[in-house]
Amino acid sequence: MTAELIVPLLAAAIQSGTPILYATLGEILTEKSGVLNLGVEGIMIVGALAAFVVAKLSGNPALAFALAGTAGMILAAGHGVVCLWFLGNQVVSGLALTIFGLGLADYLGTPLIGQTAPGFDKLPLPGLAQLPVLGPVFFQQDLLVYLAVLVAPLLWLFLNKTRWGLNLRAVGEYPDAAAAAGVSVLRYRWAGVLGGGFLVGLGGAYLSLAYTHLWTSGLTAGRGWIAVALVIFAFWRPGRALFGAYLFGGVMAFQLRLQATGTHLPSSLLLMLPYALTVIVLVLASWKGRQANAPAALGINYEPQD
Amino acid sequence: MKSKVMVMIFVLMLALGTTPAGAKDLQVGFVYVSPVGDAGWSYAHDQGRLFIDKMEGVTTAYVESVPEGPDSERVMLNMARKNYDLIFATSFGYMDPMLKVAKKFPKVTFMHCSGFKTSENMGNYFGRMYQARYLSGIVAGAMTKANTLGYVAAFPIPEVIRGINAFTLGAQSVNPDVQVRVVWTKTWYDPATEKEAAKSLLDVGADVIAQHQDSPGPQEAAQEKGVYSIGYNTDMSAFAPKAHLCAPIWNWGPFYAQMVEAVRAGKWESKAYWYGLENGIVDLSPMSDKVPADIQSKVMAEKKAIKAGAQKVFTGPIKDQAGQVKIAAGQSGSDEELLGMNWFVQGVIGTTQ
Amino acid sequence: MRRAMLSIRAYKRQEPLRWSSCLVFFGAVALSLTASALLLKLHGKPALGGIGILFGGAFGSLWAIEDCLIKAVPIFLCSLGVAIAFRLQIWNIGAEGQFALGAIGATWAALSFPGLPWYALLPAMAGAAFVLGGLWGLIPALLKLHMRANEIIVTLMMNYIAILLLDYLVYGRWKDPLSFGFPMTPEFTPAAIVGKIGSTNLNWGLAVCLVTAVLIWVFFGFTRLGFEFRAAGENVRASRYAGLPYPRLVCLAMILSGALAGWAGFMEASATINRLQPSIMVGYGYTAIVVAWLARLNPLTIGVASFLLAALRVGVENLQLDLQVPAAFGGIMEGMILLTVLAGSFFMEYGLRFRRTS
């Protein structure tokens with residue numbers, strides 16, 4: 001592979017990692033509050049559909065993007081109702097939400113087949129875009145890519161440097177202790193679920209507003225599941241999520257480019273690359289002992305105390 | 001405790017019973033492998049279904065997203081049990097299940113798309129999409145400046161390989177130096193990945209993108225890069241007005257209508273229905289005005305020749321990637337050879353695995 | 001429950017509901033069916049009639065019930081498998097991949113020893129499915145124990161790898177020369193096909209399922225190892241101090257878990273499809289996770305839950321066929337039913353007290 005190929009490859013890595021990045025960050029927020037939401041795939045696709053519909057009706061991609069997040073939040077609220085209020089099993093609830101969301105998006109979206117909607121186009125940042133290598137890779141992307149890169153450190157700041165963030169993490173680690181200290185477990189978990197749902201919805205919106213400008217059933221194509229995996233891969237850290245999402249997107253883009261240059265390897269084996277590499281990197285990282293555990297109360301419902 | 005639940009449900013069911021279906025109209029059932037919302041393959045078949053649904057005395061029904069294993073067998077069984085007269089199954093993997101069901105219901109007419117097996121009451125059908133692909137190849141071969149065409153393809157199955165070969169032969173007929181690069185996505189509809197695959201082809205220098213995918217993702221990639229593209233399934237010019245040159249398209253309606261008429265008249269016969277441009281089952285969408293007039297007229301002339309049977313797409317000598325002659329000079333590929341095609345012609349860069 | 005909804009307050013029941021939990025279950029199902037009926041109405045279809053068609057398709061005839069049972073078999077086996085791992089608090093999301101490996105193993109045996117009689121070949125296929133499925137389960141277990149790699153992500157990624165491996169084989173070296181280049185293996189010889197029971201459409205896989213379920217139930221209820229399993233599952237940390245061989249239990253659980261999913265793959269390849277092809281993968285491994293938790297990891301309840309979920313899916317097909325609602329409707333309904341049943345199960349352990357406040 002030559003240099004002319006590597007720059008577009010890296011640019012592609014950033015772009016194809018972005019929808020996964022939004023979803024991963026969202027799921028990190030949710031899981032940090034102690035709630036496991038496996039409904040990422042379902043929430044994501046509902047977000048993608050909402051974004052497409054709003055963009056089509058209003059012609060305003062920014063509004064579409066925001067409302068996609070809201071749609072994701074509404075769907076995530078279903079998870080909140082079942083798990084936080086009714087103490088339902090978080091694994092089943094999340095999976096059910098995925099089934100529901102995929103069905104809903106397919107049901108509502110079928111009439112929109114073959115239509116186009118406005119979205120976000122590339123927005124080179126003045127000055128920075130002209131930098132060699134870095135310019136085309138980082139600064140000739142669309143607005144939503146820049147936003148995603150900003151969300152990661154913001155989430156880190158929120159979780160580690162703000163009172164609310166510390167409370168949210170406390171609720172995910174030691175809910176009883178947090179409650180004893182006067183922190184409302186339920187309120188923070190709701191915040192985690194809804195905030196996470198919002199970000200996941202944005203990830204879906206990226207697919208229908210920026211990556212492509214169209215709608216088909218199954219637009220997310222399993223990216224929500226990759227996000228669930230990347231949360232663990234990232235050891236629940238926003239910074240590593242950034243790295244993980246771009247790495248995954250990069251390997252995916254790499255195997256396509258390897259094919260384009262004319263390789264004789266079977267495509268099935270090439271397609272295994274991103275998944276195999278994720279496992280290998282995870283194993284190496286875990287083995288080295290930079291072990292980061294899941295939030296201690298992850299997946300465990302908080303029972304009422306009376 | 002749960003057994004009691006079951007018993008109660010069971011009693012409830014028996015009380016409700018099944019609903020009888022009206023028997024006067026010709027009932028036609030369709031089995032789709034993906035949701036109609038895939039915007040491509042199943043969508044095209046469903047357009048055909050809607051076409052015959054308008055016919056007098058015909059009612060249609062479909063079941064979508066049916067996996068190709070035992071689920072499809074059950075769906076077809078249920079259609080037959082409900083006295084459907086004619087059942088179309090539109091994916092290759094439905095072949096064996098349909099054969100099993102056809103044996104059990106000799107009075108029902110079964111039609112399987114894209115396979116090769118038949119029985120007394122089961123025929124198969126397909127369109128010679130490769131003819132339209134050949135025409136689109138002519139357009140692509142004439143429009144490329146880099147002599148490199150990119151082809152985003154779903155799965156390495158004969159139908160797709162045949163299309164790539166025909167496209168390449170078409171391109172070579174006007175531009176002998178042209179090469180076609182292939183990227184497999186291993187998915188029928190994942191617009192983002194398809195678009196990414198197209199971008200990877202653009203990065204290695206392709207300046208016309210063709211696709212055997214359901215979504216218009218690759219079209220968008222071509223438009224953004226400012227190069228040309230060839231659509232598929234339906235006219236995709238709405239998605240890439242500046243890039244889109246033409247598209248090989250499906251048009252199942254007339255064929256389905258023909259089958260309905262034949263069954264109704266008792267004249268249906270079990271065979272392989274493999275129609276092409278002459279029947280309108282496949283076609284080339286109107287060409288963009290960016291295609292020069294002389295190319296347009298050449299394409300139309302070729303189309304006329306193929307329609308008349310004077311010209312065959314796979315006419316020898318045709319060599320494979322290794323330079324071995326696969327179809328000898330003066331001969332043309334038989335339907336069996338085309339149906340099981342698993343090699344690329346010379347000029348294609350990529351692997352058939 | 002701290003959600004102080006004005007005057008309603010939840011309290012924990014002294015004893016969980018027993019028989020009346022049926023009522024809760026029915027209430028939840030009825031609620032979601034009502035919602036589905038409304039949705040049908042919105043779609044311009046008959047609401048009550050639609051629900052009738054749904055039930056008719058699932059239970060309305062002998063063959064409908066047969067169909068449900070056939071569909072329930074792979075879900076049931078996968079679900080039993082993941083339940084074993086879940087009991088040890090090992091989050092095996094990999095039933096899908098283990099299912100694929102089982103199918104690959106069975107197919108390998110079927111293709112390699114075509115001459116064997118059925119009584120030798122079927123056990124060989126089952127054995128190969130057991131080994132490969134079990135191996136696909138063991139790898140994440142070992143990575144977890146020795147490399148501290150999280151099993152959720154490893155099993156999930158190995159699902160994708162397994163499916164692509166299956167693809168590689170059927171698109172490549174195992175492709176039937178007579179298939180005109182289509183990705184599938186040759187059809188199995190009759191000796192490699194699990195037969196049907198009598199004149200029904202049911203195959204003997206169903207019997208294997210039932211026996212397996214009983215064996216597992218006995219194993220957990222009445223054997224020492226089963227007891228250790230349960231003890232370790234209830235408190236992982238304590239079990240280590242209590243001297244239970246936790247790592248060995250984890251390996252065993254994952255091998256069994258993978259092997260059961262592998263058997264599901266074997267049954268699908270042998271009994272219902274009669275060959276290996278990519279479309280054998282339809283997500284049973286993921287469905288199994290829902291079923292296992294819904295049944296609270298109890299082997300016998302898993303049987304009932306698998307059947308009911310299979311029935312729902314079969315019934316929805318009938319709805320599609322007779323009323324022309326899109327397949328997506330099934331997903332919406334399934335999601336709603338699962339969510340309401342889950343939420344409803346709250347009332348098995350909690351009651352509501354209404355307090356009059358001024």
# chains A, B, ... in the order shown; residues from 1 in each chain; ligands from 1
$ closest_atom_pairs --of "chain B" --to "chain A" --cutoff "8 Å" --atoms "only C-alpha atoms" --output "JSON lines"
{"residue": "B:Pro35", "atom": "CA", "partner": "A:Ser217", "partner_atom": "CA", "distance": 7.2}
{"residue": "B:Val36", "atom": "CA", "partner": "A:Thr110", "partner_atom": "CA", "distance": 7.3}
{"residue": "B:Gly37", "atom": "CA", "partner": "A:Thr110", "partner_atom": "CA", "distance": 4.8}
{"residue": "B:Asp38", "atom": "CA", "partner": "A:Ser217", "partner_atom": "CA", "distance": 5.5}
{"residue": "B:Ala39", "atom": "CA", "partner": "A:Ile113", "partner_atom": "CA", "distance": 5.7}
{"residue": "B:Arg181", "atom": "CA", "partner": "A:Ala260", "partner_atom": "CA", "distance": 6.1}
{"residue": "B:Val182", "atom": "CA", "partner": "A:Ala260", "partner_atom": "CA", "distance": 6.3}
{"residue": "B:Val183", "atom": "CA", "partner": "A:Gln259", "partner_atom": "CA", "distance": 5.5}
{"residue": "B:Trp184", "atom": "CA", "partner": "A:Ser267", "partner_atom": "CA", "distance": 6.5}
{"residue": "B:Thr185", "atom": "CA", "partner": "A:Leu256", "partner_atom": "CA", "distance": 7.7}
{"residue": "B:Lys186", "atom": "CA", "partner": "A:Ser268", "partner_atom": "CA", "distance": 7.8}
{"residue": "B:Tyr189", "atom": "CA", "partner": "A:Gly218", "partner_atom": "CA", "distance": 7.6}
{"residue": "B:Asp190", "atom": "CA", "partner": "A:Leu219", "partner_atom": "CA", "distance": 5.8}
{"residue": "B:Pro191", "atom": "CA", "partner": "A:Leu219", "partner_atom": "CA", "distance": 6.6}
{"residue": "B:Ala192", "atom": "CA", "partner": "A:Thr212", "partner_atom": "CA", "distance": 6.2}
{"residue": "B:Lys195", "atom": "CA", "partner": "A:Thr212", "partner_atom": "CA", "distance": 7.6}
{"residue": "B:Glu196", "atom": "CA", "partner": "A:Ala253", "partner_atom": "CA", "distance": 6.8}
{"residue": "B:Ala197", "atom": "CA", "partner": "A:Leu256", "partner_atom": "CA", "distance": 5.7}
{"residue": "B:Ser200", "atom": "CA", "partner": "A:Arg257", "partner_atom": "CA", "distance": 4.9}
{"residue": "B:Leu201", "atom": "CA", "partner": "A:Ala260", "partner_atom": "CA", "distance": 5.4}
{"residue": "B:Asp203", "atom": "CA", "partner": "A:Leu5", "partner_atom": "CA", "distance": 6.5}
{"residue": "B:Val204", "atom": "CA", "partner": "A:Thr261", "partner_atom": "CA", "distance": 6.5}
{"residue": "B:Ser215", "atom": "CA", "partner": "A:Thr216", "partner_atom": "CA", "distance": 7.3}
{"residue": "B:Pro216", "atom": "CA", "partner": "A:Leu214", "partner_atom": "CA", "distance": 7.9}
{"residue": "B:Gly217", "atom": "CA", "partner": "A:Thr212", "partner_atom": "CA", "distance": 6.4}
{"residue": "B:Glu220", "atom": "CA", "partner": "A:Thr212", "partner_atom": "CA", "distance": 7.2}
{"residue": "B:Ala238", "atom": "CA", "partner": "A:Thr116", "partner_atom": "CA", "distance": 7.4}
{"residue": "B:Phe239", "atom": "CA", "partner": "A:Thr116", "partner_atom": "CA", "distance": 6.5}
{"residue": "B:Ile349", "atom": "CA", "partner": "A:Gly262", "partner_atom": "CA", "distance": 5.6}
{"residue": "B:Gly350", "atom": "CA", "partner": "A:Gly262", "partner_atom": "CA", "distance": 5.1}
{"residue": "B:Thr351", "atom": "CA", "partner": "A:His264", "partner_atom": "CA", "distance": 5.5}
{"residue": "B:Thr352", "atom": "CA", "partner": "A:Pro266", "partner_atom": "CA", "distance": 7.7}
{"residue": "B:Gln353", "atom": "CA", "partner": "A:Pro266", "partner_atom": "CA", "distance": 4.8}
$ write_last_selection --atoms "C-alpha atoms" --output "PDB file, in the first residue's frame"
ATOM      1  CA  PRO B  35     -37.769  -6.934   3.937  1.00  0.00           C
ATOM      2  CA  VAL B  36     -39.518  -5.150   1.102  1.00  0.00           C
ATOM      3  CA  GLY B  37     -37.772  -2.116   2.553  1.00  0.00           C
ATOM      4  CA  ASP B  38     -34.392  -3.346   1.337  1.00  0.00           C
ATOM      5  CA  ALA B  39     -34.837  -0.911  -1.550  1.00  0.00           C
ATOM      6  CA  ARG B 181     -11.733  -4.054  -9.847  1.00  0.00           C
ATOM      7  CA  VAL B 182     -14.062  -5.950  -7.551  1.00  0.00           C
ATOM      8  CA  VAL B 183     -14.700  -5.531  -3.830  1.00  0.00           C
ATOM      9  CA  TRP B 184     -16.936  -7.963  -1.970  1.00  0.00           C
ATOM     10  CA  THR B 185     -18.984  -6.578   0.883  1.00  0.00           C
ATOM     11  CA  LYS B 186     -20.668  -9.829   1.976  1.00  0.00           C
ATOM     12  CA  TYR B 189     -27.910  -4.014   2.081  1.00  0.00           C
ATOM     13  CA  ASP B 190     -25.642  -2.086   4.359  1.00  0.00           C
ATOM     14  CA  PRO B 191     -25.453   1.293   2.633  1.00  0.00           C
ATOM     15  CA  ALA B 192     -22.585   2.610   4.728  1.00  0.00           C
ATOM     16  CA  LYS B 195     -20.396   3.288   0.142  1.00  0.00           C
ATOM     17  CA  GLU B 196     -17.113   2.638   1.913  1.00  0.00           C
ATOM     18  CA  ALA B 197     -16.371  -0.165  -0.545  1.00  0.00           C
ATOM     19  CA  SER B 200     -11.972   2.134  -1.551  1.00  0.00           C
ATOM     20  CA  LEU B 201     -12.323   1.518  -5.287  1.00  0.00           C
ATOM     21  CA  ASP B 203      -9.008   5.448  -3.948  1.00  0.00           C
ATOM     22  CA  VAL B 204      -7.259   2.930  -6.172  1.00  0.00           C
ATOM     23  CA  SER B 215     -28.682   0.343  -1.737  1.00  0.00           C
ATOM     24  CA  PRO B 216     -27.568   3.460  -3.595  1.00  0.00           C
ATOM     25  CA  GLY B 217     -24.643   3.905  -1.188  1.00  0.00           C
ATOM     26  CA  GLU B 220     -23.303   8.618  -3.393  1.00  0.00           C
ATOM     27  CA  ALA B 238     -32.197  10.585  -7.724  1.00  0.00           C
ATOM     28  CA  PHE B 239     -29.371   9.654  -5.363  1.00  0.00           C
ATOM     29  CA  ILE B 349      -9.061  -7.855 -10.761  1.00  0.00           C
ATOM     30  CA  GLY B 350     -10.320  -9.634  -7.693  1.00  0.00           C
ATOM     31  CA  THR B 351     -11.087 -13.071  -6.399  1.00  0.00           C
ATOM     32  CA  THR B 352     -14.203 -15.179  -6.781  1.00  0.00           C
ATOM     33  CA  GLN B 353     -14.103 -16.261  -3.175  1.00  0.00           C
TER      34      GLN B 353
END
$ residues_around --residues "segment 50-52 of chain A" --least-positions-apart "2" --cutoff "10 Å" --atoms "only C-alpha atoms" --output "ChimeraX atom specification"
/A:44-48,54-57,59-72,105,108-109,112,115-119,201-202,204-209,213-215
$ residues_around --residues "Ala272 of chain B" --least-positions-apart "2" --cutoff "9 Å" --atoms "only C-alpha atoms" --output "list in words"
Phe116, Lys117, Thr118, Gly123, Asn124, Tyr125, Phe126, Ser270 and Trp274 of chain B
$ write_last_selection --atoms "C-alpha atoms" --output "PDB file, in the first residue's frame"
ATOM      1  CA  PHE B 116     -31.875 -24.721 -11.372  1.00  0.00           C
ATOM      2  CA  LYS B 117     -34.238 -27.432 -10.160  1.00  0.00           C
ATOM      3  CA  THR B 118     -37.658 -28.178 -11.548  1.00  0.00           C
ATOM      4  CA  GLY B 123     -40.617 -24.293 -12.540  1.00  0.00           C
ATOM      5  CA  ASN B 124     -37.789 -21.870 -12.162  1.00  0.00           C
ATOM      6  CA  TYR B 125     -37.298 -18.421 -13.550  1.00  0.00           C
ATOM      7  CA  PHE B 126     -34.757 -15.698 -13.724  1.00  0.00           C
ATOM      8  CA  SER B 270     -42.767 -26.649 -15.850  1.00  0.00           C
ATOM      9  CA  TRP B 274     -34.968 -17.448 -18.351  1.00  0.00           C
TER      10      TRP B 274
END
$ residues_around --residues "segment 148-162 of chain A" --least-positions-apart "5" --cutoff "7 Å" --atoms "only C-alpha atoms" --output "ChimeraX atom specification"
/A:18,22,25,238-239,242
$ residues_around --residues "Pro46 of chain C" --least-positions-apart "4" --cutoff "9 Å" --atoms "only C-alpha atoms" --output "list in words"
Ala37, Leu40, Lys41, Gly50, Ile51 and Leu323 of chain C
$ write_last_selection --atoms "N, CA and C atoms" --output "PDB file, in the first residue's frame"
ATOM      1  N   ALA C  37     -53.178  -5.074  18.862  1.00  0.00           N
ATOM      2  CA  ALA C  37     -54.461  -4.964  18.180  1.00  0.00           C
ATOM      3  C   ALA C  37     -54.716  -3.519  17.766  1.00  0.00           C
ATOM      4  N   LEU C  40     -52.715  -2.786  14.795  1.00  0.00           N
ATOM      5  CA  LEU C  40     -53.363  -3.343  13.611  1.00  0.00           C
ATOM      6  C   LEU C  40     -54.470  -2.414  13.129  1.00  0.00           C
ATOM      7  N   LYS C  41     -55.234  -1.941  14.091  1.00  0.00           N
ATOM      8  CA  LYS C  41     -56.358  -1.052  13.779  1.00  0.00           C
ATOM      9  C   LYS C  41     -55.820   0.196  13.064  1.00  0.00           C
ATOM     10  N   GLY C  50     -57.262 -10.049  13.734  1.00  0.00           N
ATOM     11  CA  GLY C  50     -55.821 -10.174  13.565  1.00  0.00           C
ATOM     12  C   GLY C  50     -55.206 -11.013  14.667  1.00  0.00           C
ATOM     13  N   ILE C  51     -55.607 -10.745  15.892  1.00  0.00           N
ATOM     14  CA  ILE C  51     -55.072 -11.516  17.011  1.00  0.00           C
ATOM     15  C   ILE C  51     -55.502 -12.982  16.872  1.00  0.00           C
ATOM     16  N   LEU C 323     -53.147 -11.064   6.512  1.00  0.00           N
ATOM     17  CA  LEU C 323     -53.545  -9.652   6.612  1.00  0.00           C
ATOM     18  C   LEU C 323     -52.582  -8.714   5.906  1.00  0.00           C
TER      19      LEU C 323
END
